[in-house]
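**Q** The structure follows.
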Amino acid sequence: MESQSILERLGILADAAKYDASCASSGTSGRNSLGGKGIGSTEGMGICHAYAPDGRCISLLKILLTNHCVFDCHYCINRKSSNVRRARFTPQEVADLTLSFYRRNYIEGLFLSSGIVKSSNRTMEQLIEAARILREEHDFRGYIHLKTIPEADPELVHEAGLYADRVSINVELPTDSGLTRLAPDKDARQIEGAMGRTKDDIAETSDARKRFRHAPRFVPAGQSTQMIVGADAATDADIVDKASRLYGSFGLRRVYYSAFSPIPDASAVLPLKRPPLIREHRLYQSDWLMRFYGYKPAEVMQAAGADGMLPLDIDPKLAWALKFRDRFPLDVNRAAREDLLRVPGLGVGAVDRILAARRHRTLRLDDVARLTQSIAKVRPFLCTVDWRPTALTDRADLRALLAPKQEQLELFAA
């Protein structure tokens, strides 16, 4: 490993980090280097590859400190028994890379995770040291996301939160039985305990900042987590239930879903095929329904079939509406906002535009068409002064009419 160049190690450790999906940079406090103090900003534009909820384009240097690991989680390519090239950065090298990439306008911040080397506490200390060098020695004001280690001492996890904008602790799998089977070195109670302590620290620091202007910041962008989808027998209903409990119990900013991907020299207990990527997409849609559309977890689970799986051919919002057709059609000029958010094809923005427009005039179908992206999807579930769907809402083939058309792609199409 000593003979590896920085570039070779960067290639290994950046590739090893690609399986972690929880690296958005939204929700942090604004900082910049205007006035000649410090370096970096959480609000600038770089050469970007992801989008924050407010529309900003963002990019992060996403690497592992090391892919050495004393754990042997079956689904992880960096597990102890895996036959992969190993590499390691020092905290100083991570800081130097971050600053070098930032000065070239490649990135806006750092996402740093690590395998467990020597011990959880030793690894956590190294992660903290990289963040400390950036913040204290270089006055770096860009975004830092640290992947914390639940097995580490609580004092170390708390110290990480003083340097990072966001921290995350992966619950890994939706069920305790799946975690026990596929990650025998990890404990669900320990993971949730660490998340609970971080939640308490965020609340205490927020209260302190209300009373003392110079109280230290603690993870202003909150905490997040990630679940692997398709590595065990957990259904979509299990995943939705787990996500809702995590949001409610720990005040998470985001739960990320990562479709299991078969890895080289995989364990025999893992499935041979990855789940369809559309399943991951449907789970993100169900997550949006709970966070922005007012759906309760039990209602999202009602969109799943008898096997607990969300349909792949239609989105969960349409699946729910088709199951509860007695709730429709809605009068677009009279229905409450929470009811209009249940209409397939109407997003939060479209509903707000409809509410604003109907204050000034009675809406017709053409008016709704101008305020939405897909009037065809909306028509069976709404009525206006000049439109009533009559028997359309109850048609037996309504699902087939509204489901996206499947197209066979042609390799040499013009």
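In the structure tokens, chains take the letters A, B, ... in the order shown, each chain's residues start at 1, and ligands count up from 1 in the order shown.
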For segment 76-84 of chain A, please output as a ChimeraX atom specification all residues within 7 Å (counting only C-alpha atoms; exclusion window: fewer than 4 positions along the same chain).
**A** /A:67-72,263,265
**Q** Just write the chosen residues, N, CA and C atoms, as a PDB file, in the first residue's frame.
**A**
```
ATOM      1  N   ASN A  67     -10.620   1.539   3.004  1.00  0.00           N
ATOM      2  CA  ASN A  67     -11.546   0.428   2.756  1.00  0.00           C
ATOM      3  C   ASN A  67     -11.108  -0.840   3.478  1.00  0.00           C
ATOM      4  N   HIS A  68     -10.102  -0.737   4.356  1.00  0.00           N
ATOM      5  CA  HIS A  68      -9.824  -1.819   5.297  1.00  0.00           C
ATOM      6  C   HIS A  68     -10.980  -1.888   6.281  1.00  0.00           C
ATOM      7  N   CYS A  69     -11.368  -3.073   6.716  1.00  0.00           N
ATOM      8  CA  CYS A  69     -12.465  -3.186   7.677  1.00  0.00           C
ATOM      9  C   CYS A  69     -12.336  -4.475   8.477  1.00  0.00           C
ATOM     10  N   VAL A  70     -12.574  -4.367   9.776  1.00  0.00           N
ATOM     11  CA  VAL A  70     -12.529  -5.550  10.633  1.00  0.00           C
ATOM     12  C   VAL A  70     -13.881  -6.242  10.689  1.00  0.00           C
ATOM     13  N   PHE A  71     -14.934  -5.614  10.121  1.00  0.00           N
ATOM     14  CA  PHE A  71     -16.254  -6.222  10.080  1.00  0.00           C
ATOM     15  C   PHE A  71     -16.382  -7.087   8.833  1.00  0.00           C
ATOM     16  N   ASP A  72     -17.318  -8.024   8.886  1.00  0.00           N
ATOM     17  CA  ASP A  72     -17.503  -8.946   7.756  1.00  0.00           C
ATOM     18  C   ASP A  72     -18.967  -8.977   7.330  1.00  0.00           C
ATOM     19  N   ILE A 263     -21.924  -8.151  -5.659  1.00  0.00           N
ATOM     20  CA  ILE A 263     -20.524  -7.767  -5.576  1.00  0.00           C
ATOM     21  C   ILE A 263     -19.638  -8.968  -5.888  1.00  0.00           C
ATOM     22  N   ASP A 265     -17.119 -11.993  -5.529  1.00  0.00           N
ATOM     23  CA  ASP A 265     -16.888 -12.952  -4.440  1.00  0.00           C
ATOM     24  C   ASP A 265     -17.968 -12.835  -3.369  1.00  0.00           C
TER      25      ASP A 265
END
```
**Q** Neighbours of segment 230-246 of chain A within 7 Å (only C-alpha atoms; same-chain residues fewer than 4 positions away dropped), as a ChimeraX atom specification?
**A** /A:174-175,178,250,252,255,259-260,270-271,274-275,297,301,304,308-310
**Q** Given only C-alpha atoms, how would the per-residue table for segment 290-322 of chain A near segment 332-343 of chain A read, listing every residue at most 8 Å away with its closest atom pair and distance in Å to one decimal, sorted by chain and number, as a Markdown table?
**A**
```
| residue | atom | partner | partner_atom | distance |
| --- | --- | --- | --- | --- |
| A:Tyr293 | CA | A:Leu341 | CA | 5.9 |
| A:Gly294 | CA | A:Glu338 | CA | 7.0 |
| A:Lys317 | CA | A:Arg342 | CA | 7.1 |
| A:Leu318 | CA | A:Val343 | CA | 7.9 |
| A:Ala321 | CA | A:Val343 | CA | 7.3 |
```
**Q** Find the residues near segment 184-189 of chain A: any atom within 9 Å, counting only C-alpha atoms, skip ones fewer than 3 places away on the same chain, and give them as a list in words.
**A** Phe71, Asp72, Cys73, His74, Pro150, Glu151, Val171, Thr175, Asp176, Leu179, Thr180, Arg181, Glu192, Gly193 and Ala194 of chain A
**Q** Find, counting only C-alpha atoms, the residue in A:Glu136, A:Ser258, A:Val117, A:Gly251 that gets nearest to Glu172 of chain A.
**A** A:Ser258
**Q** Check segment 285-386 of chain A with DSSP on the backbone and list each residue it calls strand (DSSP E), as a list in words.
**A** Leu330, Asp331, Leu382 and Cys383 of chain A
**Q** Of the candidates A:Leu346, A:Asp326, A:Ala95, A:Leu10, which shows the shortest atom-to-atom distance to Ala369 of chain A, using only C-alpha atoms?
**A**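 Answer, going by the shortest atom-to-atom distance: A:Leu346.
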**Q** Residues within 12 Å of Thr90 of chain A, please, as a VMD selection string. Count only C-alpha atoms; anything in the same chain fewer than 4 positions from it doesn't count.
**A** chain A and resid 2 6 9 to 10 64 to 66 94 to 97 114 123 125 to 131 133
**Q** Can you pull out every residue from segment 133-199 of chain A that DSSP, working from the backbone, puts in helix (DSSP H, G or I), and format the result as a ChimeraX atom specification?
**A** /A:133-137,154-163,176-182,188-199
**Q** Write the residues of the selection above to a file with C-alpha atoms, as a PDB file, in the first residue's frame.
**A**
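The result, written out as selection12.pdb:
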```pdb
ATOM      1  CA  ILE A 133      -7.772  20.105  10.027  1.00  0.00           C
ATOM      2  CA  LEU A 134     -10.159  21.576   7.465  1.00  0.00           C
ATOM      3  CA  ARG A 135     -12.137  23.668   9.923  1.00  0.00           C
ATOM      4  CA  GLU A 136      -9.471  24.842  12.356  1.00  0.00           C
ATOM      5  CA  GLU A 137      -6.215  24.913  10.393  1.00  0.00           C
ATOM      6  CA  PRO A 154     -20.649   8.881  22.275  1.00  0.00           C
ATOM      7  CA  GLU A 155     -18.136  11.645  23.057  1.00  0.00           C
ATOM      8  CA  LEU A 156     -16.415  11.037  19.718  1.00  0.00           C
ATOM      9  CA  VAL A 157     -19.685  11.052  17.783  1.00  0.00           C
ATOM     10  CA  HIS A 158     -20.595  14.324  19.508  1.00  0.00           C
ATOM     11  CA  GLU A 159     -17.215  15.841  18.589  1.00  0.00           C
ATOM     12  CA  ALA A 160     -17.785  14.866  14.949  1.00  0.00           C
ATOM     13  CA  GLY A 161     -21.044  16.815  14.999  1.00  0.00           C
ATOM     14  CA  LEU A 162     -19.223  20.000  16.021  1.00  0.00           C
ATOM     15  CA  TYR A 163     -17.214  19.964  12.776  1.00  0.00           C
ATOM     16  CA  ASP A 176     -33.441  -6.629  12.796  1.00  0.00           C
ATOM     17  CA  SER A 177     -33.429 -10.222  11.568  1.00  0.00           C
ATOM     18  CA  GLY A 178     -31.884  -9.155   8.259  1.00  0.00           C
ATOM     19  CA  LEU A 179     -29.182  -7.170  10.060  1.00  0.00           C
ATOM     20  CA  THR A 180     -28.376 -10.107  12.347  1.00  0.00           C
ATOM     21  CA  ARG A 181     -28.133 -12.466   9.385  1.00  0.00           C
ATOM     22  CA  LEU A 182     -26.138 -10.278   6.988  1.00  0.00           C
ATOM     23  CA  ALA A 188     -29.723  -2.553  15.673  1.00  0.00           C
ATOM     24  CA  ARG A 189     -30.148  -1.263  19.248  1.00  0.00           C
ATOM     25  CA  GLN A 190     -26.654   0.231  19.215  1.00  0.00           C
ATOM     26  CA  ILE A 191     -27.313   1.968  15.891  1.00  0.00           C
ATOM     27  CA  GLU A 192     -30.604   3.443  17.062  1.00  0.00           C
ATOM     28  CA  GLY A 193     -29.051   4.423  20.370  1.00  0.00           C
ATOM     29  CA  ALA A 194     -26.408   6.470  18.545  1.00  0.00           C
ATOM     30  CA  MET A 195     -29.089   8.108  16.398  1.00  0.00           C
ATOM     31  CA  GLY A 196     -31.095   8.950  19.502  1.00  0.00           C
ATOM     32  CA  ARG A 197     -28.107  10.594  21.187  1.00  0.00           C
ATOM     33  CA  THR A 198     -27.434  12.663  18.070  1.00  0.00           C
ATOM     34  CA  LYS A 199     -31.066  13.788  18.035  1.00  0.00           C
TER      35      LYS A 199
END
```
**Q** Determine the nearest neighbour of Tyr247 of chain A from the options A:Asp367, A:Ser206, A:Arg291, A:Lys147, counting only C-alpha atoms.
**A**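 Closest to Tyr247 of chain A, using only C-alpha atoms: A:Arg291.
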**Q** Figure out the distance between atom CA of Lys405 of chain A and atom CA of Asp366 of chain A, please, to one decimal in Å.
**A**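 Spanning atom CA of Asp366 of chain A to atom CA of Lys405 of chain A is a straight-line distance of 24.3 Å.
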